[in-house]
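Working notes for the structure below.
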Amino acid sequence: MIAIGCDHGGIELKNEICAYLKENGVDFKDFGINDKTSVDYPDIAFPVAQSVVNGECEKAILVCGTGIGMSMAANKVKGIRAAVCSDHFSAKYTRLHNNANVLCLGGRVIGPGLAIELVDLFLNTEFEGGRHKTRIDKIAAIENNEF
């Protein structure tokens, strides 16, 4: 299951992504928002991130105007590795090397065609492990004040 959420700056792109996920039989949980009412992005990022760390969802997608605010908020949740991506290389390698579990996108930065391609790369690229696992373990040590 994939968690997805947005603020008012990302609602149109989130809706495009939800339609793509539905068309392709990908189970997802929509944390909203579902209209253009202004909302503070941490109010969405937190429950989406929590759904990943508690195991309810495997990965997540967050959308705001730039993707940056959502990533900053989500990365405050222990166990989250959120990455803002706006190109193919970053979307692929944030999974391969960083084992990112949240993809953040900017609804005012990229269009729906590119967003769908990035979502597809993110969801279908596996973590490479190996030397990269050591680096992820160091990030976890920082989170736990054990570095």
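Residue names in the structure tokens use chain letters A, B, ... in the order shown, residue numbers from 1 in each chain, and ligand numbers from 1 in the order shown.
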Within 9 Å of Ile17 in chain A, counting only C-alpha atoms, which residues show up once you throw out same-chain ones fewer than 5 positions away? Write them as a ChimeraX atom specification, please. /A:4,12,22,112,115-116,119
Those same residues - C-alpha atoms - I'd like them written as a PDB file, in the first residue's frame.
```pdb
ATOM      1  CA  ILE A   4      -0.294   9.775  -0.691  1.00  0.00           C
ATOM      2  CA  GLU A  12      -3.994  18.757  -8.981  1.00  0.00           C
ATOM      3  CA  LYS A  22      -5.796   3.365  -9.668  1.00  0.00           C
ATOM      4  CA  PRO A 112       1.811  15.343 -14.589  1.00  0.00           C
ATOM      5  CA  ALA A 115       5.476  13.156 -12.211  1.00  0.00           C
ATOM      6  CA  ILE A 116       3.962   9.839 -13.296  1.00  0.00           C
ATOM      7  CA  VAL A 119       6.401   7.847  -9.362  1.00  0.00           C
TER       8      VAL A 119
END
```
Under the rule that only C-alpha atoms are counted, which of A:Leu21, A:Val102, A:Ile136, A:Ile33 is the nearest residue to Asp120 in chain A? A:Leu21
Mind pulling up the distance from CA of Ile44 in chain A to CA of Cys64 in chain A?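 We find that CA of Cys64 in chain A and CA of Ile44 in chain A lie 9.9 Å from each other.
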What's the 12 Å shell around Asn99 in chain A, counting only C-alpha atoms, without same-chain residues fewer than 6 positions away, as an NGL selection string? :A and (58-59 or 79-83 or 90-93 or 122-123 or 125-130 or 132-137 or 139)
Would you export the selected residues with N, CA and C atoms as an mmCIF file, in the first residue's frame, please?
```cif
data_model
loop_
_atom_site.group_PDB
_atom_site.id
_atom_site.type_symbol
_atom_site.label_atom_id
_atom_site.label_comp_id
_atom_site.auth_asym_id
_atom_site.auth_seq_id
_atom_site.Cartn_x
_atom_site.Cartn_y
_atom_site.Cartn_z
ATOM 1 N N GLU A 58 3.845 0.914 2.647
ATOM 2 C CA GLU A 58 5.225 0.564 2.316
ATOM 3 C C GLU A 58 6.058 1.798 1.976
ATOM 4 N N LYS A 59 5.493 2.687 1.189
ATOM 5 C CA LYS A 59 6.145 3.911 0.744
ATOM 6 C C LYS A 59 5.089 5.000 0.690
ATOM 7 N N GLY A 79 12.815 7.481 11.000
ATOM 8 C CA GLY A 79 12.648 6.360 10.082
ATOM 9 C C GLY A 79 12.273 6.765 8.672
ATOM 10 N N ILE A 80 12.008 8.038 8.479
ATOM 11 C CA ILE A 80 11.630 8.517 7.144
ATOM 12 C C ILE A 80 12.868 9.033 6.423
ATOM 13 N N ARG A 81 12.947 8.664 5.162
ATOM 14 C CA ARG A 81 13.975 9.169 4.248
ATOM 15 C C ARG A 81 13.217 9.707 3.030
ATOM 16 N N ALA A 82 12.843 10.984 3.125
ATOM 17 C CA ALA A 82 12.056 11.628 2.076
ATOM 18 C C ALA A 82 12.982 12.396 1.142
ATOM 19 N N ALA A 83 12.708 12.310 -0.152
ATOM 20 C CA ALA A 83 13.523 12.987 -1.151
ATOM 21 C C ALA A 83 12.643 13.745 -2.132
ATOM 22 N N SER A 90 17.470 11.224 -10.214
ATOM 23 C CA SER A 90 17.280 11.358 -8.767
ATOM 24 C C SER A 90 16.215 10.393 -8.246
ATOM 25 N N ALA A 91 15.120 10.250 -8.958
ATOM 26 C CA ALA A 91 14.057 9.342 -8.524
ATOM 27 C C ALA A 91 14.544 7.899 -8.480
ATOM 28 N N LYS A 92 15.364 7.522 -9.438
ATOM 29 C CA LYS A 92 15.905 6.162 -9.463
ATOM 30 C C LYS A 92 16.932 5.951 -8.360
ATOM 31 N N TYR A 93 17.870 6.870 -8.241
ATOM 32 C CA TYR A 93 18.980 6.658 -7.313
ATOM 33 C C TYR A 93 18.625 6.944 -5.860
ATOM 34 N N PHE A 122 10.210 5.473 -8.811
ATOM 35 C CA PHE A 122 10.311 5.382 -7.361
ATOM 36 C C PHE A 122 9.696 4.083 -6.840
ATOM 37 N N LEU A 123 8.520 3.753 -7.321
ATOM 38 C CA LEU A 123 7.820 2.574 -6.814
ATOM 39 C C LEU A 123 8.425 1.267 -7.295
ATOM 40 N N THR A 125 11.789 0.702 -8.283
ATOM 41 C CA THR A 125 13.237 0.552 -8.138
ATOM 42 C C THR A 125 13.517 0.034 -6.732
ATOM 43 N N GLU A 126 14.279 -1.048 -6.667
ATOM 44 C CA GLU A 126 14.613 -1.660 -5.379
ATOM 45 C C GLU A 126 15.913 -1.095 -4.827
ATOM 46 N N PHE A 127 16.042 -1.076 -3.508
ATOM 47 C CA PHE A 127 17.252 -0.661 -2.831
ATOM 48 C C PHE A 127 18.374 -1.638 -3.153
ATOM 49 N N GLU A 128 19.531 -1.096 -3.504
ATOM 50 C CA GLU A 128 20.687 -1.898 -3.901
ATOM 51 C C GLU A 128 21.387 -2.562 -2.721
ATOM 52 N N GLY A 129 21.305 -1.984 -1.540
ATOM 53 C CA GLY A 129 21.959 -2.550 -0.359
ATOM 54 C C GLY A 129 23.466 -2.399 -0.427
ATOM 55 N N GLY A 130 24.171 -3.413 0.070
ATOM 56 C CA GLY A 130 25.630 -3.391 0.034
ATOM 57 C C GLY A 130 26.197 -2.206 0.786
ATOM 58 N N HIS A 132 25.696 0.763 0.442
ATOM 59 C CA HIS A 132 24.688 1.787 0.703
ATOM 60 C C HIS A 132 23.935 1.522 2.010
ATOM 61 N N LYS A 133 23.814 0.263 2.389
ATOM 62 C CA LYS A 133 23.163 -0.084 3.665
ATOM 63 C C LYS A 133 23.939 0.506 4.827
ATOM 64 N N THR A 134 25.250 0.472 4.761
ATOM 65 C CA THR A 134 26.083 1.059 5.818
ATOM 66 C C THR A 134 25.770 2.540 5.979
ATOM 67 N N ARG A 135 25.582 3.222 4.876
ATOM 68 C CA ARG A 135 25.285 4.657 4.915
ATOM 69 C C ARG A 135 23.901 4.926 5.496
ATOM 70 N N ILE A 136 22.941 4.090 5.153
ATOM 71 C CA ILE A 136 21.594 4.226 5.700
ATOM 72 C C ILE A 136 21.620 3.960 7.201
ATOM 73 N N ASP A 137 22.421 2.986 7.615
ATOM 74 C CA ASP A 137 22.569 2.705 9.046
ATOM 75 C C ASP A 137 23.154 3.905 9.784
ATOM 76 N N ILE A 139 22.692 7.041 8.940
ATOM 77 C CA ILE A 139 21.596 8.010 9.057
ATOM 78 C C ILE A 139 20.718 7.642 10.259
#
```
When you look at Val84 in chain A with a cut-off of 7 Å (counting only C-alpha atoms), what residues show up, excluding the ones that are within fewer than 3 positions of it in the same chain? I need them as a list of chain:residue names.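 What passes the distance filter is A:Gly67, A:Ile68, A:Ser71, A:Leu103, A:Cys104, A:Leu105.
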Output as number ranges by chain all residues of range 9-146 of chain A that backbone DSSP marks as alpha helix (DSSP H). A: 11-23, 41-53, 68-74, 88-96, 112-124, 131-143
Report, in Å to a single decimal, how far apart CA of Ala3 in chain A and CA of Lys29 in chain A are. 4.9 Å
